[in-house]
>>> print(open('protein02.cif').read())   # mmCIF, C-alpha atoms
data_data
#
loop_
_atom_site.label_atom_id
_atom_site.label_comp_id
_atom_site.auth_asym_id
_atom_site.auth_seq_id
_atom_site.Cartn_x
_atom_site.Cartn_y
_atom_site.Cartn_z
CA MET K 37 88.48 129.21 131.69
CA PRO K 38 86.04 126.43 130.71
CA LYS K 39 86.69 123.01 132.16
CA LEU K 40 87.34 120.37 129.53
CA SER K 41 86.34 116.81 130.19
CA VAL K 42 88.51 113.83 129.38
CA LYS K 43 85.85 112.68 126.90
CA SER K 44 85.94 115.95 124.93
CA LEU K 45 89.75 115.93 124.90
CA MET K 46 89.78 112.33 123.66
CA THR K 47 87.28 113.19 120.93
CA SER K 48 89.42 116.14 119.83
CA ALA K 49 92.53 113.98 119.87
CA ALA K 50 90.80 111.32 117.76
CA VAL K 51 89.74 113.92 115.18
CA VAL K 52 93.28 115.34 114.96
CA GLY K 53 94.72 111.84 114.68
CA SER K 54 92.29 110.92 111.90
CA ILE K 55 93.20 114.03 109.92
CA LEU K 56 96.90 113.23 110.21
CA VAL K 57 96.40 109.64 109.09
CA ILE K 58 94.29 110.67 106.11
CA SER K 59 96.62 113.44 104.97
CA GLY K 60 99.93 111.61 105.50
CA CYS K 61 103.22 112.84 104.09
CA ALA K 62 103.67 112.35 100.38
CA SER K 63 107.13 111.50 99.12
CA THR K 64 108.52 113.48 96.20
CA GLY K 65 109.40 110.32 94.35
CA ASN K 66 112.75 111.76 93.25
CA VAL K 67 115.11 108.80 93.13
CA THR K 68 118.65 109.28 91.83
CA PRO K 69 119.94 106.40 89.71
CA GLN K 70 122.74 104.26 91.04
CA TYR K 71 125.77 104.26 88.74
CA ILE K 72 126.03 101.13 86.62
CA PRO K 73 128.86 101.15 84.05
CA PRO K 74 127.71 100.87 80.43
CA SER K 75 130.45 98.29 79.89
CA THR K 76 128.20 95.85 81.77
CA TYR K 77 126.23 95.54 78.53
CA GLN K 78 129.13 95.67 76.02
CA THR K 79 128.58 92.08 74.83
CA TYR K 80 124.90 92.74 73.99
CA ASP K 81 123.84 93.50 70.41
CA CYS K 82 121.10 96.05 69.59
CA SER K 83 118.33 93.46 69.74
CA ALA K 84 119.45 92.19 73.15
CA LEU K 85 119.83 95.76 74.45
CA SER K 86 116.32 96.59 73.28
CA GLN K 87 114.92 93.53 75.07
CA GLU K 88 116.90 94.36 78.22
CA TYR K 89 115.61 97.94 78.13
CA GLN K 90 112.01 96.69 77.88
CA ARG K 91 112.55 94.22 80.74
CA ILE K 92 114.04 96.87 83.04
CA GLN K 93 111.32 99.38 82.10
CA SER K 94 108.60 96.86 83.02
CA TYR K 95 110.22 96.37 86.44
CA ILE K 96 110.36 100.14 86.92
CA ASN K 97 106.68 100.48 86.02
CA LYS K 98 105.71 97.68 88.40
CA GLU K 99 107.79 99.10 91.26
CA SER K 100 106.50 102.65 90.69
CA ARG K 101 102.87 101.49 90.88
CA SER K 102 103.48 99.71 94.19
CA TYR K 103 104.15 103.01 95.97
CA SER K 104 101.28 103.97 98.29
CA GLY K 105 102.09 107.68 98.72
CA LEU K 106 101.48 107.71 102.47
CA THR K 107 104.38 107.52 104.84
CA THR K 108 102.56 107.87 108.16
CA THR K 109 103.77 105.15 110.47
CA GLY K 110 101.24 105.44 113.30
CA VAL K 111 99.01 107.53 115.49
CA GLY K 112 98.22 106.54 119.07
CA VAL K 113 95.63 108.10 121.33
CA GLY K 114 95.52 107.16 124.98
CA VAL K 115 95.15 108.20 128.59
CA SER K 116 98.07 108.44 130.96
CA ALA K 117 98.21 108.83 134.71
CA GLY K 118 100.92 110.97 136.15
CA ARG K 119 101.84 113.28 138.96
CA TRP K 120 99.01 115.70 138.16
CA GLY K 121 96.28 113.17 137.54
CA ILE K 122 94.83 111.54 134.49
CA SER K 123 95.35 113.25 131.15
CA PRO K 124 94.94 112.32 127.49
CA ASN K 125 97.98 111.94 125.24
CA ILE K 126 98.60 111.63 121.54
CA ASN K 127 101.60 109.89 120.00
CA ILE K 128 102.21 110.55 116.33
CA GLY K 129 104.83 108.73 114.29
CA VAL K 130 105.38 110.29 110.89
CA GLY K 131 108.28 109.58 108.56
CA LYS K 132 109.50 107.45 105.74
CA SER K 133 108.78 103.78 106.29
CA THR K 134 111.30 101.01 105.71
CA ASN K 135 109.24 99.67 102.79
CA ASN K 136 109.60 102.96 100.92
CA ASN K 137 113.36 103.01 101.58
CA ALA K 138 113.68 99.51 100.12
CA ARG K 139 111.52 100.54 97.16
CA ASP K 140 113.66 103.63 96.54
CA ALA K 141 116.85 101.54 96.63
CA LYS K 142 115.38 99.08 94.13
CA LEU K 143 114.23 101.89 91.84
CA SER K 144 117.66 103.55 92.08
CA ARG K 145 119.30 100.32 90.90
CA LEU K 146 116.76 99.86 88.09
CA PHE K 147 117.16 103.48 86.91
CA GLY K 148 120.94 102.97 86.86
CA GLU K 149 120.63 99.80 84.82
CA ARG K 150 118.27 101.50 82.37
CA ASP K 151 120.73 104.40 81.93
CA ALA K 152 123.60 101.95 81.35
CA VAL K 153 121.58 100.11 78.68
CA ILE K 154 120.76 103.40 76.95
CA GLN K 155 124.40 104.54 77.01
CA SER K 156 125.61 101.19 75.70
CA ALA K 157 122.98 101.29 72.93
CA ARG K 158 124.09 104.80 71.96
CA MET K 159 127.71 103.62 71.65
CA LYS K 160 126.54 100.87 69.29
CA GLN K 161 124.28 103.35 67.46
CA CYS K 162 121.12 101.32 68.06
CA ALA K 163 118.02 102.91 66.55
CA PHE K 164 115.78 102.38 69.60
CA ALA K 165 118.03 104.52 71.82
CA ALA K 166 117.93 107.62 69.62
CA LYS K 167 115.00 109.25 71.45
CA LEU K 168 115.66 107.87 74.95
CA LYS K 169 117.16 110.06 77.66
CA VAL K 170 119.32 109.19 80.62
CA TYR K 171 119.07 110.82 84.05
CA GLY K 172 119.91 114.52 83.94
CA GLU K 173 119.33 115.04 80.22
CA SER K 174 116.64 117.46 79.14
#
>>> encode(input="protein02.cif", output="structure tokens")
Amino acid sequence: MPKLSVKSLMTSAAVVGSILVISGCASTGNVTPQYIPPSTYQTYDCSALSQEYQRIQSYINKESRSYSGLTTTGVGVGVSAGRWGISPNINIGVGKSTNNNARDAKLSRLFGERDAVIQSARMKQCAFAAKLKVYGES
């Protein structure tokens, strides 16, 4: 069995760590809308509903663009001393970061508000809502 040096093990660990950081874990981006009752917008007329829809949609677009796609939270490469001598170690933290959870919660709320506006506009037979779909419609 060939003897591996600490330097070669550290180099290998650094390469593996770099690959993990570059690849990351991509989120599916599937966010379920939070329920917002359409009655929230019952006092709005068609013009106000259209403006509210555009406002919410611009927030959704802005929030969707802010997503980085990577959810790797850290890779650490080091050397530890223990009972059997000095050995290299690699610590990898991969998962969904808090920022993405907050982003998903915000998007869920915005999607719910958009659906409520669309449903309210349909009840008032607003022209702009004729071709819009709510979550779950095909």
>>> resolve_selection(input="protein02.cif", expression="the PyMOL selection byres ((chain K and resi 86-97) around 8)", output="number ranges by chain")
K: 82-85, 98-101, 143, 146-147, 149-150, 153-154, 164
>>> atom_distance(input="protein02.cif", atom1="atom CA of Ala152 of chain K", atom2="atom CA of Pro73 of chain K")
6.0 Å
>>> atom_distance(input="protein02.cif", atom1="atom CA of Ser174 of chain K", atom2="atom CA of Arg145 of chain K")
21.0 Å
>>> atom_distance(input="protein02.cif", atom1="atom CA of Gln78 of chain K", atom2="atom CA of Arg139 of chain K")
27.9 Å
>>> closest_residue(input="protein02.cif", among="K:Ser156, K:Ser102, K:Gln161, K:Ser144", to="Gln70 of chain K", atoms="all atoms listed in the file")
K:Ser144
>>> closest_residue(input="protein02.cif", among="K:Asn66, K:Ile122, K:Lys160, K:Leu168", to="Thr79 of chain K", atoms="all atoms listed in the file")
K:Lys160
